[in-house]
Amino acid sequence: MQKEVSRAIKGTWILTVASLFSELLSAIYRIPLQNIVGDRGYFIYQQVYPIYGIFSVLALSGLPVVLSKTFAQQKNISSKNHLLKKTFVGLLISCVVVTGLLWMSSRYLAFLMGDPRLYLEVRAVSLTFLLVPFEASLRGYFQSDLLMTPSAISQVSEQFLRIVVIIVSALMFGHGLIDVYNMGTLANSGAFIGGILAVMILLGTFVKYRKRMLQDDKRDNTIRLEHGLALEIVLIVFFTGITIFYQFIDSFSMLRLLMHFGMSLDQAEIKKGIFDRGQPLLQLGIVISLSFVSTIMPQLREKNRLKQNKKTISKMVRVCLWLSVAETAGLIALMPQINTMLFTNTSGSLTLSIYMLSIVIVSFINLLVAVTSGDDEKNIHKLVLFLMSLVVKVALNIILVPKFGIAGAALATVFSECVILFGILIIYNFNRDFLSLDKAFIINLLKAGVVMAIIVKIIVELLSIGFTTTRINSVLLNVVAIPIGAFVYLKLSKHWKMLTKQEWEILPMGKYLTKIMRIED
């Protein structure tokens, strides 16, 4: 049992580090991209990003997560491989249809997005869906055995090659070799090019893995599928990609709504580009929760093991929320400096601060949905909540964007996420026992986040006296403030005994941390 726990924790951090590195690359490349092509060029590239985001959910997080649980439920390797074949064929047929529909409707979709000239970008992104059958099925297959390394290596490699293509396209635009729309098309084709590399890595690993594990296994290959699996797949895909769906709504609504706010088309595109600065920060913030969910799901595989795994899952939930609150509070406290460090100015800092609240809300939602994913009776209620939140997002965009601009869109997103969060809590009568989240933990968690944010904000304001907000100054302030914030958060967590010694040890270098901080049982 201890070995299984160790594998689960190790697998979580392998995937977390890889995801963080990928999202860090994703945040970093936006610096030269935005600096070279400007806010309007950034908008041109980013406007079709939600379509890529849906691919990302299917290939990287949502589908692999739920498939890993299904693969883990099979009795033997033969049945797992039989399921792999069936899954691949089903996904291949579905994704070929999706790609065809996106390709043929690209002009109409571009028109709905507010700029008909974006249709080539839509077509470039549509090709990525052809890679979903390979990436989702193989990642799910590996993760079912808590083997996270293949997913991690393929994810980082895919992101790195994608970013190379994006930077090359930006440089070509900067030297006048291509116009802004060709830049956007070439940049978005990087997802398909990077995805091909990921598929090659996964296939190569699978061949080695399969030879080692099968060894002429000819046992019964009957596939075991639990009741309500289809609905569970839909839920996990929707909820792990929840931020992408909100961004999709923004892509189709914000330009026209900002023009109602009194802006010209060019001004609206620039403002939307500023709003889109928050997307890489948000994705960077929630990768931890998605990595924890990826490890939790396979551990829910069998009822007779659920009691054994419940303690491990509860610890992981608490640690994940603890980290999410720290991320959210830190980003909000340092937003003007982070905004300037990444994008040269403070434009939209208030909007981005509001947007960052999504990190802790979405992390909590992901954990709730993952832990209760086997509850067939209430899964349909969660799906209804998801659909309700999309309706609320559309309605609030219509109401808030014309009045408050891009800040209204950020508020609409946060309120829509709260519909899901509080809706799920109401469904379970605010019972936190299955998550091991007692009232004192939640209160102390919020207090620690607020206190840390206030202290960091005060320190930054004091250090900023007499200095202008430049990129260099912002980098220096972040270098000073982030370690101070981390130290304050750790001390408060120890003082209020928020985590047990075993939970501290889940963190990277956790055993050394418990010795340094003198954490006792």
# chains A, B, ... in the order shown; residues from 1 in each chain; ligands from 1
$ residues_around --residues "stretch 373-380 of chain A" --least-positions-apart "2" --cutoff "8 Å" --atoms "only C-alpha atoms" --output "ChimeraX atom specification"
/A:227-228,231-232,235-236,369-371,382-384,427
$ residues_around --residues "A:Thr468" --least-positions-apart "5" --cutoff "12 Å" --atoms "only C-alpha atoms" --output "PDB file with C-alpha atoms, in the first residue's frame"
ATOM      1  CA  GLN A 337       4.396  43.683 -11.580  1.00  0.00           C
ATOM      2  CA  THR A 340       4.573  44.506 -16.668  1.00  0.00           C
ATOM      3  CA  ASN A 345       2.860  47.556 -19.173  1.00  0.00           C
ATOM      4  CA  THR A 346       0.141  47.421 -16.500  1.00  0.00           C
ATOM      5  CA  GLU A 461       4.375  49.218  -2.493  1.00  0.00           C
ATOM      6  CA  LEU A 463       9.888  49.009  -2.410  1.00  0.00           C
ATOM      7  CA  ASN A 473      11.975  46.990 -11.833  1.00  0.00           C
ATOM      8  CA  SER A 474       9.053  44.558 -11.975  1.00  0.00           C
ATOM      9  CA  LEU A 477      10.330  43.262  -7.250  1.00  0.00           C
TER      10      LEU A 477
END
$ residues_around --residues "A:Ile420" --least-positions-apart "3" --cutoff "12 Å" --atoms "only C-alpha atoms" --output "ChimeraX atom specification"
/A:238-239,242,358,361-366,368-369,381-393,413-417,423-427
$ closest_residue --among "A:Val488, A:Ile506, A:Ser137, A:Cys95" --to "A:His82" --atoms "only C-alpha atoms"
A:Ser137
$ residues_around --residues "A:Glu520" --least-positions-apart "5" --cutoff "9 Å" --atoms "only C-alpha atoms" --output "number ranges by chain"
A: 500-501, 514-515
$ write_last_selection --atoms "N, CA, C and O atoms" --output "short mmCIF file (atom, residue, chain, number, x, y, z; two decimals), in the first residue's frame"
data_model
loop_
_atom_site.label_atom_id
_atom_site.label_comp_id
_atom_site.auth_asym_id
_atom_site.auth_seq_id
_atom_site.Cartn_x
_atom_site.Cartn_y
_atom_site.Cartn_z
N THR A 500 -1.01 18.09 7.89
CA THR A 500 -0.33 17.10 8.72
C THR A 500 1.08 16.87 8.17
O THR A 500 1.41 17.30 7.06
N LYS A 501 1.89 16.18 8.95
CA LYS A 501 3.25 15.91 8.51
C LYS A 501 3.26 15.12 7.21
O LYS A 501 4.06 15.38 6.30
N THR A 514 9.88 19.39 6.12
CA THR A 514 9.38 19.11 7.47
C THR A 514 10.49 19.18 8.51
O THR A 514 10.27 19.58 9.65
N LYS A 515 11.72 18.81 8.10
CA LYS A 515 12.85 18.89 9.03
C LYS A 515 13.26 20.34 9.27
O LYS A 515 13.51 20.76 10.41
#
$ select_by_dssp --residues "stretch 412-448 of chain A" --states "alpha helix (DSSP H)" --output "PyMOL selection string"
chain A and resi 412-427+439-448
$ write_last_selection --atoms "C-alpha atoms" --output "PDB file, in the first residue's frame"
ATOM      1  CA  ALA A 412     -18.744  37.127 -15.681  1.00  0.00           C
ATOM      2  CA  THR A 413     -16.274  34.226 -15.749  1.00  0.00           C
ATOM      3  CA  VAL A 414     -15.766  34.186 -11.965  1.00  0.00           C
ATOM      4  CA  PHE A 415     -19.509  34.392 -11.205  1.00  0.00           C
ATOM      5  CA  SER A 416     -20.222  31.603 -13.710  1.00  0.00           C
ATOM      6  CA  GLU A 417     -17.644  29.358 -12.048  1.00  0.00           C
ATOM      7  CA  CYS A 418     -19.242  30.072  -8.679  1.00  0.00           C
ATOM      8  CA  VAL A 419     -22.545  28.774 -10.049  1.00  0.00           C
ATOM      9  CA  ILE A 420     -20.893  25.374 -10.520  1.00  0.00           C
ATOM     10  CA  LEU A 421     -18.901  25.395  -7.279  1.00  0.00           C
ATOM     11  CA  PHE A 422     -21.771  26.299  -4.976  1.00  0.00           C
ATOM     12  CA  GLY A 423     -24.168  24.192  -7.026  1.00  0.00           C
ATOM     13  CA  ILE A 424     -22.095  21.048  -6.421  1.00  0.00           C
ATOM     14  CA  LEU A 425     -21.724  21.900  -2.728  1.00  0.00           C
ATOM     15  CA  ILE A 426     -25.506  22.304  -2.479  1.00  0.00           C
ATOM     16  CA  ILE A 427     -26.031  18.952  -4.224  1.00  0.00           C
ATOM     17  CA  LYS A 439     -14.295  24.081   8.585  1.00  0.00           C
ATOM     18  CA  ALA A 440     -11.124  25.120  10.427  1.00  0.00           C
ATOM     19  CA  PHE A 441      -8.952  24.094   7.449  1.00  0.00           C
ATOM     20  CA  ILE A 442     -10.997  26.153   4.996  1.00  0.00           C
ATOM     21  CA  ILE A 443     -11.055  29.232   7.253  1.00  0.00           C
ATOM     22  CA  ASN A 444      -7.313  29.049   7.943  1.00  0.00           C
ATOM     23  CA  LEU A 445      -6.637  28.499   4.253  1.00  0.00           C
ATOM     24  CA  LEU A 446      -8.480  31.675   3.294  1.00  0.00           C
ATOM     25  CA  LYS A 447      -6.883  33.638   6.154  1.00  0.00           C
ATOM     26  CA  ALA A 448      -3.385  32.537   5.148  1.00  0.00           C
TER      27      ALA A 448
END
$ residues_around --residues "stretch 245-255 of chain A" --least-positions-apart "4" --cutoff "9 Å" --atoms "only C-alpha atoms" --output "VMD selection string"
chain A and resid 46 to 51 53 to 54 109 112 to 114 238 241 259 to 260 265 268 to 269 271 to 272 276 279 390 393 to 394 397 to 398 401 405 to 406 409 413 416
$ write_last_selection --atoms "N, CA and C atoms" --output "CSV table (one decimal), in the first residue's frame"
chain,number,residue,atom,x,y,z
A,46,GLN,N,-4.6,34.8,-30.8
A,46,GLN,CA,-5.2,34.3,-29.6
A,46,GLN,C,-6.7,34.0,-29.9
A,47,GLN,N,-7.3,34.7,-30.9
A,47,GLN,CA,-8.8,34.6,-31.0
A,47,GLN,C,-9.3,33.2,-31.3
A,48,VAL,N,-8.5,32.3,-32.0
A,48,VAL,CA,-8.9,31.0,-32.2
A,48,VAL,C,-8.3,30.0,-31.2
A,49,TYR,N,-7.6,30.5,-30.2
A,49,TYR,CA,-7.0,29.7,-29.2
A,49,TYR,C,-8.0,28.8,-28.5
A,50,PRO,N,-9.2,29.2,-28.2
A,50,PRO,CA,-10.2,28.3,-27.5
A,50,PRO,C,-10.4,27.0,-28.3
A,51,ILE,N,-10.3,27.0,-29.6
A,51,ILE,CA,-10.5,25.8,-30.4
A,51,ILE,C,-9.3,24.9,-30.1
A,53,GLY,N,-7.7,25.0,-27.4
A,53,GLY,CA,-7.9,24.6,-26.0
A,53,GLY,C,-8.7,23.4,-25.9
A,54,ILE,N,-9.8,23.3,-26.7
A,54,ILE,CA,-10.6,22.1,-26.7
A,54,ILE,C,-9.8,20.9,-27.1
A,109,LEU,N,-17.4,30.4,-38.9
A,109,LEU,CA,-16.9,30.6,-37.5
A,109,LEU,C,-16.1,31.8,-37.4
A,112,LEU,N,-18.4,34.7,-37.2
A,112,LEU,CA,-19.0,34.8,-35.9
A,112,LEU,C,-18.0,35.4,-34.8
A,113,MET,N,-16.7,35.1,-35.0
A,113,MET,CA,-15.7,35.6,-34.1
A,113,MET,C,-15.4,37.1,-34.3
A,114,GLY,N,-16.0,37.7,-35.4
A,114,GLY,CA,-15.8,39.1,-35.6
A,114,GLY,C,-14.9,39.5,-36.7
A,238,PHE,N,-15.7,18.1,-19.9
A,238,PHE,CA,-16.2,19.5,-19.7
A,238,PHE,C,-15.6,20.2,-18.6
A,241,GLY,N,-11.9,21.2,-18.8
A,241,GLY,CA,-11.7,22.2,-19.8
A,241,GLY,C,-12.7,23.4,-19.6
A,259,MET,N,-17.6,46.9,-28.7
A,259,MET,CA,-17.9,48.0,-29.6
A,259,MET,C,-19.2,48.7,-29.1
A,260,HIS,N,-20.1,47.9,-28.4
A,260,HIS,CA,-21.2,48.5,-27.7
A,260,HIS,C,-20.8,49.4,-26.6
A,265,LEU,N,-13.5,48.9,-33.9
A,265,LEU,CA,-13.1,47.5,-34.0
A,265,LEU,C,-11.6,47.3,-33.6
A,268,ALA,N,-11.2,47.5,-29.9
A,268,ALA,CA,-11.8,46.3,-29.3
A,268,ALA,C,-10.9,45.1,-29.4
A,269,GLU,N,-10.2,45.0,-30.6
A,269,GLU,CA,-9.2,43.9,-30.8
A,269,GLU,C,-8.0,44.0,-29.8
A,271,LYS,N,-8.1,45.6,-26.9
A,271,LYS,CA,-8.6,45.3,-25.5
A,271,LYS,C,-8.7,43.8,-25.3
A,272,LYS,N,-9.3,43.1,-26.3
A,272,LYS,CA,-9.4,41.7,-26.2
A,272,LYS,C,-8.0,41.0,-26.1
A,276,ASP,N,-6.7,38.7,-23.0
A,276,ASP,CA,-6.2,37.3,-23.3
A,276,ASP,C,-4.8,37.1,-22.6
A,279,GLN,N,-5.0,34.3,-19.9
A,279,GLN,CA,-5.2,32.9,-20.2
A,279,GLN,C,-3.9,32.1,-19.9
A,390,LEU,N,-22.7,28.1,-18.4
A,390,LEU,CA,-22.5,28.7,-19.7
A,390,LEU,C,-23.5,29.7,-20.0
A,393,LYS,N,-22.7,32.8,-18.0
A,393,LYS,CA,-21.6,33.5,-18.6
A,393,LYS,C,-22.0,34.4,-19.8
A,394,VAL,N,-22.8,33.8,-20.7
A,394,VAL,CA,-23.3,34.6,-21.9
A,394,VAL,C,-24.1,35.8,-21.4
A,397,ASN,N,-21.9,38.4,-19.7
A,397,ASN,CA,-21.1,39.1,-20.7
A,397,ASN,C,-22.0,40.2,-21.3
A,398,ILE,N,-23.2,39.9,-21.7
A,398,ILE,CA,-24.1,40.8,-22.3
A,398,ILE,C,-24.4,42.0,-21.4
A,401,VAL,N,-20.1,43.5,-19.9
A,401,VAL,CA,-19.0,44.0,-20.8
A,401,VAL,C,-19.3,45.4,-21.3
A,405,GLY,N,-16.4,46.9,-19.6
A,405,GLY,CA,-15.3,46.5,-20.6
A,405,GLY,C,-14.8,45.1,-20.2
A,406,ILE,N,-13.5,44.9,-20.4
A,406,ILE,CA,-12.9,43.6,-20.2
A,406,ILE,C,-13.0,43.2,-18.7
A,409,ALA,N,-16.0,41.0,-18.4
A,409,ALA,CA,-15.9,39.7,-18.9
A,409,ALA,C,-15.2,38.8,-17.8
A,413,THR,N,-16.9,35.5,-15.9
A,413,THR,CA,-16.3,34.2,-15.7
A,413,THR,C,-16.3,33.7,-14.3
A,416,SER,N,-19.7,32.8,-13.1
A,416,SER,CA,-20.2,31.6,-13.7
A,416,SER,C,-19.6,30.4,-13.1
$ closest_residue --among "A:Lys75, A:Arg318, A:Lys494, A:Arg518" --to "A:Asp438" --atoms "only C-alpha atoms"
A:Arg318
$ closest_residue --among "A:Asn478, A:Thr469, A:Thr128, A:Ser79" --to "A:Leu334" --atoms "only C-alpha atoms"
A:Asn478
$ residues_around --residues "A:Ala481" --least-positions-apart "2" --cutoff "10 Å" --atoms "only C-alpha atoms" --output "list in words"
Gly330, Ala333, Leu334, Ile455, Val456, Lys457, Ile458, Ile459, Val460, Leu463, Val475, Leu476, Leu477, Asn478, Val479, Pro483, Ile484, Gly485, Ala486 and Phe487 of chain A
$ write_last_selection --atoms "C-alpha atoms" --output "JSON list (two decimals), in the first residue's frame"
[["chain", "number", "residue", "atom", "x", "y", "z"],
["A", 330, "GLY", "CA", 0.34, 35.59, -4.92],
["A", 333, "ALA", "CA", -0.89, 40.64, -4.98],
["A", 334, "LEU", "CA", 1.79, 40.88, -7.66],
["A", 455, "ILE", "CA", 1.97, 41.50, 3.36],
["A", 456, "VAL", "CA", 3.35, 41.01, -0.17],
["A", 457, "LYS", "CA", 1.36, 43.98, -1.45],
["A", 458, "ILE", "CA", 2.65, 46.25, 1.34],
["A", 459, "ILE", "CA", 6.26, 45.18, 0.72],
["A", 460, "VAL", "CA", 5.94, 45.79, -3.02],
["A", 463, "LEU", "CA", 9.89, 49.01, -2.41],
["A", 475, "VAL", "CA", 11.39, 41.59, -12.36],
["A", 476, "LEU", "CA", 13.45, 42.72, -9.36],
["A", 477, "LEU", "CA", 10.33, 43.26, -7.25],
["A", 478, "ASN", "CA", 9.03, 39.80, -8.10],
["A", 479, "VAL", "CA", 12.40, 38.23, -7.27],
["A", 483, "PRO", "CA", 10.25, 34.26, -1.67],
["A", 484, "ILE", "CA", 8.89, 36.54, 1.08],
["A", 485, "GLY", "CA", 5.34, 35.56, 0.20],
["A", 486, "ALA", "CA", 6.25, 31.87, 0.19],
["A", 487, "PHE", "CA", 7.96, 32.18, 3.58]]
$ residues_around --residues "A:Leu357" --least-positions-apart "4" --cutoff "10 Å" --atoms "only C-alpha atoms" --output "list in words"
Leu282, Ser324, Val325, Glu327, Thr328, Ala329, Leu331, Ile332, Leu352, Ser353, Ile361, Val362, Ala410, Leu411, Thr413, Val414 and Glu417 of chain A
$ decode --residues "stretch 484-499 of chain A" --atoms "N, CA, C and O atoms" --output "mmCIF file, in the first residue's frame"
data_model
loop_
_atom_site.group_PDB
_atom_site.id
_atom_site.type_symbol
_atom_site.label_atom_id
_atom_site.label_comp_id
_atom_site.auth_asym_id
_atom_site.auth_seq_id
_atom_site.Cartn_x
_atom_site.Cartn_y
_atom_site.Cartn_z
ATOM 1 N N ILE A 484 9.481 36.036 -0.162
ATOM 2 C CA ILE A 484 8.893 36.539 1.084
ATOM 3 C C ILE A 484 7.478 36.011 1.240
ATOM 4 O O ILE A 484 7.075 35.554 2.326
ATOM 5 N N GLY A 485 6.710 36.069 0.163
ATOM 6 C CA GLY A 485 5.338 35.559 0.201
ATOM 7 C C GLY A 485 5.302 34.079 0.537
ATOM 8 O O GLY A 485 4.468 33.631 1.340
ATOM 9 N N ALA A 486 6.201 33.310 -0.076
ATOM 10 C CA ALA A 486 6.251 31.868 0.193
ATOM 11 C C ALA A 486 6.594 31.598 1.653
ATOM 12 O O ALA A 486 5.984 30.732 2.307
ATOM 13 N N PHE A 487 7.554 32.353 2.188
ATOM 14 C CA PHE A 487 7.964 32.182 3.581
ATOM 15 C C PHE A 487 6.801 32.488 4.530
ATOM 16 O O PHE A 487 6.529 31.720 5.466
ATOM 17 N N VAL A 488 6.086 33.587 4.268
ATOM 18 C CA VAL A 488 4.945 33.973 5.111
ATOM 19 C C VAL A 488 3.871 32.891 5.069
ATOM 20 O O VAL A 488 3.319 32.496 6.109
ATOM 21 N N TYR A 489 3.584 32.393 3.873
ATOM 22 C CA TYR A 489 2.527 31.377 3.720
ATOM 23 C C TYR A 489 2.902 30.081 4.447
ATOM 24 O O TYR A 489 2.060 29.461 5.120
ATOM 25 N N LEU A 490 4.161 29.695 4.357
ATOM 26 C CA LEU A 490 4.615 28.488 5.042
ATOM 27 C C LEU A 490 4.535 28.644 6.563
ATOM 28 O O LEU A 490 4.095 27.729 7.273
ATOM 29 N N LYS A 491 4.971 29.805 7.061
ATOM 30 C CA LYS A 491 4.933 30.038 8.509
ATOM 31 C C LYS A 491 3.503 30.060 9.036
ATOM 32 O O LYS A 491 3.217 29.502 10.096
ATOM 33 N N LEU A 492 2.604 30.707 8.301
ATOM 34 C CA LEU A 492 1.201 30.742 8.713
ATOM 35 C C LEU A 492 0.594 29.344 8.684
ATOM 36 O O LEU A 492 -0.190 28.972 9.577
ATOM 37 N N SER A 493 0.949 28.569 7.689
ATOM 38 C CA SER A 493 0.417 27.202 7.574
ATOM 39 C C SER A 493 0.884 26.333 8.735
ATOM 40 O O SER A 493 0.116 25.526 9.266
ATOM 41 N N LYS A 494 2.143 26.527 9.120
ATOM 42 C CA LYS A 494 2.641 25.770 10.265
ATOM 43 C C LYS A 494 1.981 26.245 11.564
ATOM 44 O O LYS A 494 1.565 25.423 12.393
ATOM 45 N N HIS A 495 1.850 27.560 11.711
ATOM 46 C CA HIS A 495 1.279 28.122 12.934
ATOM 47 C C HIS A 495 -0.156 27.658 13.156
ATOM 48 O O HIS A 495 -0.554 27.340 14.277
ATOM 49 N N TRP A 496 -0.930 27.617 12.064
ATOM 50 C CA TRP A 496 -2.334 27.205 12.163
ATOM 51 C C TRP A 496 -2.536 25.701 11.951
ATOM 52 O O TRP A 496 -3.660 25.226 11.871
ATOM 53 N N LYS A 497 -1.412 24.962 11.822
ATOM 54 C CA LYS A 497 -1.453 23.503 11.675
ATOM 55 C C LYS A 497 -2.420 23.070 10.579
ATOM 56 O O LYS A 497 -3.274 22.202 10.776
ATOM 57 N N MET A 498 -2.251 23.682 9.413
ATOM 58 C CA MET A 498 -3.168 23.426 8.309
ATOM 59 C C MET A 498 -2.947 22.068 7.656
ATOM 60 O O MET A 498 -3.881 21.444 7.165
ATOM 61 N N LEU A 499 -1.694 21.596 7.640
ATOM 62 C CA LEU A 499 -1.380 20.314 7.017
ATOM 63 C C LEU A 499 -0.732 19.386 8.033
ATOM 64 O O LEU A 499 -0.003 19.832 8.919
#
